[in-house]
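S.K.: First the structure, which I've put down as structure tokens, then a few questions once you've had a look.
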Amino acid sequence: MSGVNIDWNRVAQEFGTPLYLYDFDHFREQFLKLKNAFKARKSIIAYAVKANSNLSVVKHFAQLGSGADCVSILEIKRALLAGVDKYKIIFSGVGKRDDEIEEALRLDILMINVESEGELQRVEEIAKKRGRPARISVRVNPNIDPKTHPYISTGLSKNKFGVDIETAKKLYLYAHKSPHLEPVGIHFHIGSQLTQLEPIREASQIVADLVRSLKSVNIDIRFFDVGGGLGIVYKDETPIDPYDYGQAILSTLSGLDLTIICEPGRFLVGNGGYFLTRVLYEKRNGEKRFVIVDGAMNDLIRPSLYQAYHKVELIGGEDGEPEPADIVGPVCESGDFLRKDVPLPPTKPGDLIVVHSAGAYGFTMASNYNSRPRVPEIALENGKIRLIRRRERFEDLIAPEIDYLI
Ligand code: LLP
């Protein structure tokens, strides 16, 4: 059932469990599909580093020509270290600090994506002090319902992201007049795990019309950043075809000479990632059956946080009728589960469970809760596996504290 042909028992033996494994060949295929979808125009696929920021993953995309969509200065530093071209890096996020803005300007990235009037003024002041204009884009909130999970929907007025069309116009006019600001791009991102094309097309149309009205007053927008958000299959979703996605966006841009920027995260890395965990025990509390594994919510929080569905695959198992079980971890929280009520045959200690579609927002959202070290990450490429992040040790966890222990 795995999308990859791999001996999970061997992987578990070699690296221990739990762990993440990434299929780099799948990552490449996804990247090329999307790049191809925009081939009629100049385009930059700017990988959303937050989805999976392992240096080797970012490097893999950099080598394919990818840019990077970053939401903190340290994500920018990761992208640069991994070899992403600085002119393909965008800095987004609603709450950038002065020091982050300053550093981003010093690093000379493509543009800072401004999300409020206050932020535009901070960028202007910092650019003025440096004596060099700052390239900016404005994140427009087109007030479109993306029809996805409320926690990952971002393009409605009630969401904290971006500014409305009228404010955006005002900010562009202001930036156009300022000698310290250079408005080069425009940005929108309406949500994540999108499976419907129409809201994307609508948003693109609204923002493209804004670009037209800005051009009419000589504000020359060159980069049209459509954000990320393309959904993937976790269960039985019908995802948007990348070609249709490209066509929908291109159809709104007639007469405009723009470089398209697209910021996919999940689409590139989601389905190519696997979380591998091992069965420790089985138990019953009354009627309820639990399969207790060594992976937990601190390693993969999506099921607990979003009630997200991840397909699971048992490697091993005993003869016997499948019966519903909750797959739970060792963390001291009732919300610590990977799946609920999943039919499984009897299991025994040492059996493996592969959790699918865990490549995006898996490791990057992991924590050290319960002093659990973050797990290793493994790359699979051309049939070969290699370690790309070792398991954390006790020393890694205590390093920032130990010098202060008096
Ligand atoms: N660009 C911007 C401005 C974003 O805010 C995001 C994601 C992306 C691009 C990439 O979106 P993607 O292509 O991956 O959908 N932790 C949640 C997802 C949060 C997404 C936040 N923004 C999850 O596990 O589902």
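As shown in the structure tokens, the chain order sets the letters A, B, ...; within each chain, residues go from 1, and ligands are also counted from 1 in the order they appear.
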Using 10 Å as the limit and counting only C-alpha atoms, can you tabulate each residue of range 119-230 of chain A that touches range 41-53 of chain A, with its shortest atom-to-atom distance in Å and the two atoms involved, as CSV?
M.R.:
residue,atom,partner,partner_atom,distance
A:Phe223,CA,A:Ser43,CA,8.9
A:Phe224,CA,A:Ser43,CA,9.2
A:Asp225,CA,A:Ile44,CA,9.1
A:Gly227,CA,A:Ala48,CA,9.0
A:Gly228,CA,A:Ala48,CA,7.5
A:Gly229,CA,A:Ala48,CA,9.8
S.K.: Could the residues in this selection be saved with N, CA and C atoms as an mmCIF file, in the first residue's frame?
M.R.:
data_model
loop_
_atom_site.group_PDB
_atom_site.id
_atom_site.type_symbol
_atom_site.label_atom_id
_atom_site.label_comp_id
_atom_site.auth_asym_id
_atom_site.auth_seq_id
_atom_site.Cartn_x
_atom_site.Cartn_y
_atom_site.Cartn_z
ATOM 1 N N PHE A 223 5.606 41.010 -10.296
ATOM 2 C CA PHE A 223 5.458 39.652 -9.763
ATOM 3 C C PHE A 223 4.048 39.436 -9.225
ATOM 4 N N PHE A 224 3.407 38.424 -9.741
ATOM 5 C CA PHE A 224 2.027 38.094 -9.347
ATOM 6 C C PHE A 224 2.102 36.807 -8.515
ATOM 7 N N ASP A 225 2.013 36.978 -7.203
ATOM 8 C CA ASP A 225 2.234 35.847 -6.296
ATOM 9 C C ASP A 225 0.892 35.274 -5.861
ATOM 10 N N GLY A 227 0.316 32.685 -3.985
ATOM 11 C CA GLY A 227 0.323 31.921 -2.739
ATOM 12 C C GLY A 227 0.443 30.426 -2.998
ATOM 13 N N GLY A 228 0.142 29.660 -1.964
ATOM 14 C CA GLY A 228 0.185 28.198 -2.103
ATOM 15 C C GLY A 228 -1.215 27.663 -1.935
ATOM 16 N N GLY A 229 -1.328 26.507 -1.323
ATOM 17 C CA GLY A 229 -2.647 26.020 -0.927
ATOM 18 C C GLY A 229 -3.183 24.829 -1.681
#
S.K.: Enumerate, in order of chain and increasing residue number, the residues of chain A with an atom no farther than 6 Å from ligand 1, each with its shortest atom pair and distance in Å to one decimal, counting only C-alpha atoms and all ligand atoms, as JSON lines.
M.R.:
{"residue": "A:Ala48", "atom": "CA", "partner": "ligand 1", "partner_atom_place_in_ligand_line": "10 (C)", "distance": 5.1}
{"residue": "A:Ala51", "atom": "CA", "partner": "ligand 1", "partner_atom_place_in_ligand_line": "14 (O)", "distance": 5.7}
{"residue": "A:Ile152", "atom": "CA", "partner": "ligand 1", "partner_atom_place_in_ligand_line": "19 (C)", "distance": 5.4}
{"residue": "A:His189", "atom": "CA", "partner": "ligand 1", "partner_atom_place_in_ligand_line": "3 (C)", "distance": 5.5}
{"residue": "A:Ser192", "atom": "CA", "partner": "ligand 1", "partner_atom_place_in_ligand_line": "15 (O)", "distance": 3.6}
{"residue": "A:Gln193", "atom": "CA", "partner": "ligand 1", "partner_atom_place_in_ligand_line": "15 (O)", "distance": 5.2}
{"residue": "A:Gly227", "atom": "CA", "partner": "ligand 1", "partner_atom_place_in_ligand_line": "1 (N)", "distance": 4.5}
{"residue": "A:Gly228", "atom": "CA", "partner": "ligand 1", "partner_atom_place_in_ligand_line": "13 (O)", "distance": 3.8}
{"residue": "A:Gly229", "atom": "CA", "partner": "ligand 1", "partner_atom_place_in_ligand_line": "15 (O)", "distance": 3.2}
{"residue": "A:Leu230", "atom": "CA", "partner": "ligand 1", "partner_atom_place_in_ligand_line": "13 (O)", "distance": 5.4}
{"residue": "A:Glu263", "atom": "CA", "partner": "ligand 1", "partner_atom_place_in_ligand_line": "9 (C)", "distance": 4.7}
{"residue": "A:Pro264", "atom": "CA", "partner": "ligand 1", "partner_atom_place_in_ligand_line": "13 (O)", "distance": 3.6}
{"residue": "A:Gly265", "atom": "CA", "partner": "ligand 1", "partner_atom_place_in_ligand_line": "14 (O)", "distance": 3.4}
{"residue": "A:Arg266", "atom": "CA", "partner": "ligand 1", "partner_atom_place_in_ligand_line": "14 (O)", "distance": 3.8}
{"residue": "A:Phe267", "atom": "CA", "partner": "ligand 1", "partner_atom_place_in_ligand_line": "13 (O)", "distance": 5.8}
{"residue": "A:Arg302", "atom": "CA", "partner": "ligand 1", "partner_atom_place_in_ligand_line": "24 (O)", "distance": 5.6}
{"residue": "A:Tyr361", "atom": "CA", "partner": "ligand 1", "partner_atom_place_in_ligand_line": "24 (O)", "distance": 4.6}
S.K.: According to DSSP computed on the backbone, where in range 165-338 of chain A is there strand (DSSP E)? Give the residues as a VMD selection string.
M.R.: chain A and resid 181 to 187 223 to 225 259 to 262 273 to 285 288 to 293 312 to 315 323 to 328 337 to 338
S.K.: Which polymer residues have any atom within 6 Å of an atom of range 30-39 of chain A, counting only C-alpha atoms, with same-chain residues fewer than 2 positions away left out, as a ChimeraX atom specification?
M.R.: /A:27-28,41,242-243,246,268
S.K.: Choose the residue, out of A:Lys129, A:Leu197, A:Gly93, A:Lys77, that has the smallest atom-to-atom separation from Leu107 in chain A; count only C-alpha atoms.
M.R.: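 Looking only at the distances to Leu107 in chain A, the closest residue turns out to be A:Lys77.
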S.K.: Using DSSP assignments from the backbone, pull out every residue in range 182-262 of chain A that falls under alpha helix (DSSP H) and give it to me as a VMD selection string.
M.R.: chain A and resid 197 to 215 242 to 250
S.K.: Kindly save the residues from that selection, with N, CA and C atoms included, as a JSON list (two decimals), in the first residue's frame.
M.R.:
[["chain", "number", "residue", "atom", "x", "y", "z"],
["A", 197, "LEU", "N", -11.38, 24.80, -7.32],
["A", 197, "LEU", "CA", -10.66, 25.72, -8.19],
["A", 197, "LEU", "C", -11.30, 27.10, -8.24],
["A", 198, "GLU", "N", -12.61, 27.14, -8.16],
["A", 198, "GLU", "CA", -13.31, 28.40, -8.39],
["A", 198, "GLU", "C", -12.88, 29.53, -7.43],
["A", 199, "PRO", "N", -12.76, 29.26, -6.12],
["A", 199, "PRO", "CA", -12.31, 30.35, -5.24],
["A", 199, "PRO", "C", -10.93, 30.89, -5.63],
["A", 200, "ILE", "N", -10.06, 30.02, -6.12],
["A", 200, "ILE", "CA", -8.71, 30.46, -6.53],
["A", 200, "ILE", "C", -8.82, 31.37, -7.75],
["A", 201, "ARG", "N", -9.64, 30.92, -8.73],
["A", 201, "ARG", "CA", -9.80, 31.71, -9.95],
["A", 201, "ARG", "C", -10.39, 33.08, -9.63],
["A", 202, "GLU", "N", -11.38, 33.05, -8.74],
["A", 202, "GLU", "CA", -12.04, 34.31, -8.35],
["A", 202, "GLU", "C", -11.06, 35.27, -7.69],
["A", 203, "ALA", "N", -10.28, 34.73, -6.76],
["A", 203, "ALA", "CA", -9.30, 35.56, -6.05],
["A", 203, "ALA", "C", -8.29, 36.12, -7.04],
["A", 204, "SER", "N", -7.84, 35.27, -7.96],
["A", 204, "SER", "CA", -6.86, 35.69, -8.95],
["A", 204, "SER", "C", -7.43, 36.81, -9.82],
["A", 205, "GLN", "N", -8.70, 36.67, -10.17],
["A", 205, "GLN", "CA", -9.35, 37.69, -11.00],
["A", 205, "GLN", "C", -9.39, 39.04, -10.26],
["A", 206, "ILE", "N", -9.77, 38.99, -9.00],
["A", 206, "ILE", "CA", -9.87, 40.22, -8.21],
["A", 206, "ILE", "C", -8.50, 40.91, -8.12],
["A", 207, "VAL", "N", -7.47, 40.09, -7.87],
["A", 207, "VAL", "CA", -6.14, 40.68, -7.68],
["A", 207, "VAL", "C", -5.58, 41.14, -9.03],
["A", 208, "ALA", "N", -5.87, 40.39, -10.10],
["A", 208, "ALA", "CA", -5.40, 40.80, -11.43],
["A", 208, "ALA", "C", -6.04, 42.14, -11.81],
["A", 209, "ASP", "N", -7.31, 42.32, -11.48],
["A", 209, "ASP", "CA", -7.98, 43.60, -11.78],
["A", 209, "ASP", "C", -7.31, 44.74, -11.00],
["A", 210, "LEU", "N", -6.90, 44.43, -9.79],
["A", 210, "LEU", "CA", -6.18, 45.45, -9.01],
["A", 210, "LEU", "C", -4.86, 45.82, -9.70],
["A", 211, "VAL", "N", -4.17, 44.80, -10.21],
["A", 211, "VAL", "CA", -2.91, 45.06, -10.92],
["A", 211, "VAL", "C", -3.18, 45.99, -12.11],
["A", 212, "ARG", "N", -4.28, 45.75, -12.82],
["A", 212, "ARG", "CA", -4.62, 46.59, -13.99],
["A", 212, "ARG", "C", -4.83, 48.03, -13.55],
["A", 213, "SER", "N", -5.55, 48.20, -12.43],
["A", 213, "SER", "CA", -5.80, 49.58, -12.03],
["A", 213, "SER", "C", -4.52, 50.24, -11.52],
["A", 214, "LEU", "N", -3.61, 49.45, -10.95],
["A", 214, "LEU", "CA", -2.34, 50.03, -10.51],
["A", 214, "LEU", "C", -1.48, 50.41, -11.72],
["A", 215, "LYS", "N", -1.52, 49.56, -12.75],
["A", 215, "LYS", "CA", -0.73, 49.86, -13.96],
["A", 215, "LYS", "C", -1.23, 51.17, -14.57],
["A", 242, "PRO", "N", -2.93, 20.16, -11.33],
["A", 242, "PRO", "CA", -2.04, 21.33, -11.45],
["A", 242, "PRO", "C", -2.19, 22.07, -12.79],
["A", 243, "TYR", "N", -2.47, 21.31, -13.84],
["A", 243, "TYR", "CA", -2.64, 21.97, -15.15],
["A", 243, "TYR", "C", -3.86, 22.90, -15.11],
["A", 244, "ASP", "N", -4.98, 22.40, -14.56],
["A", 244, "ASP", "CA", -6.19, 23.22, -14.47],
["A", 244, "ASP", "C", -5.95, 24.45, -13.59],
["A", 245, "TYR", "N", -5.17, 24.22, -12.54],
["A", 245, "TYR", "CA", -4.82, 25.30, -11.62],
["A", 245, "TYR", "C", -4.09, 26.41, -12.38],
["A", 246, "GLY", "N", -3.08, 25.99, -13.13],
["A", 246, "GLY", "CA", -2.30, 26.94, -13.94],
["A", 246, "GLY", "C", -3.20, 27.69, -14.92],
["A", 247, "GLN", "N", -4.05, 26.93, -15.60],
["A", 247, "GLN", "CA", -4.93, 27.55, -16.61],
["A", 247, "GLN", "C", -5.88, 28.56, -15.96],
["A", 248, "ALA", "N", -6.42, 28.19, -14.79],
["A", 248, "ALA", "CA", -7.37, 29.08, -14.12],
["A", 248, "ALA", "C", -6.70, 30.42, -13.79],
["A", 249, "ILE", "N", -5.48, 30.35, -13.33],
["A", 249, "ILE", "CA", -4.78, 31.59, -12.97],
["A", 249, "ILE", "C", -4.42, 32.37, -14.23],
["A", 250, "LEU", "N", -3.85, 31.66, -15.20],
["A", 250, "LEU", "CA", -3.44, 32.34, -16.43],
["A", 250, "LEU", "C", -4.63, 33.02, -17.11]]
S.K.: Nearest to Tyr87 in chain A: which of A:Met111, A:Cys70, A:Leu181, A:Asp7 is it, counting only C-alpha atoms?
M.R.: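 Of A:Met111, A:Cys70, A:Leu181, A:Asp7, the one nearest Tyr87 in chain A, counting only C-alpha atoms, is A:Met111.
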S.K.: In Å, how far is it from CA of Ile402 in chain A to CA of Asn368 in chain A?
M.R.: 16.1 Å
S.K.: What's around range 310-320 of chain A at 12 Å? Count only C-alpha atoms, leave out sequence neighbours fewer than 5 positions away in its own chain, and write the answer as a VMD selection string.
M.R.: chain A and resid 1 to 3 6 to 10 12 232 to 236 270 to 271 273 to 279 282 291 293 300 to 304 325 to 327 337 to 360 362
S.K.: What is the distance between CA of Glu119 in chain A and CA of Lys170 in chain A, in Å to one decimal?
M.R.: 13.6 Å
S.K.: Kindly indicate which residue among A:Gly67, A:Gly255, A:Pro18, A:Gly383 lies nearest to Asp299 in chain A, using only C-alpha atoms for the distances.
M.R.: A:Pro18
S.K.: Which of these, A:Lys160, A:Lys59, A:Lys283, A:Arg106, has the shortest distance to Arg132 in chain A once you count only C-alpha atoms?
M.R.: A:Arg106
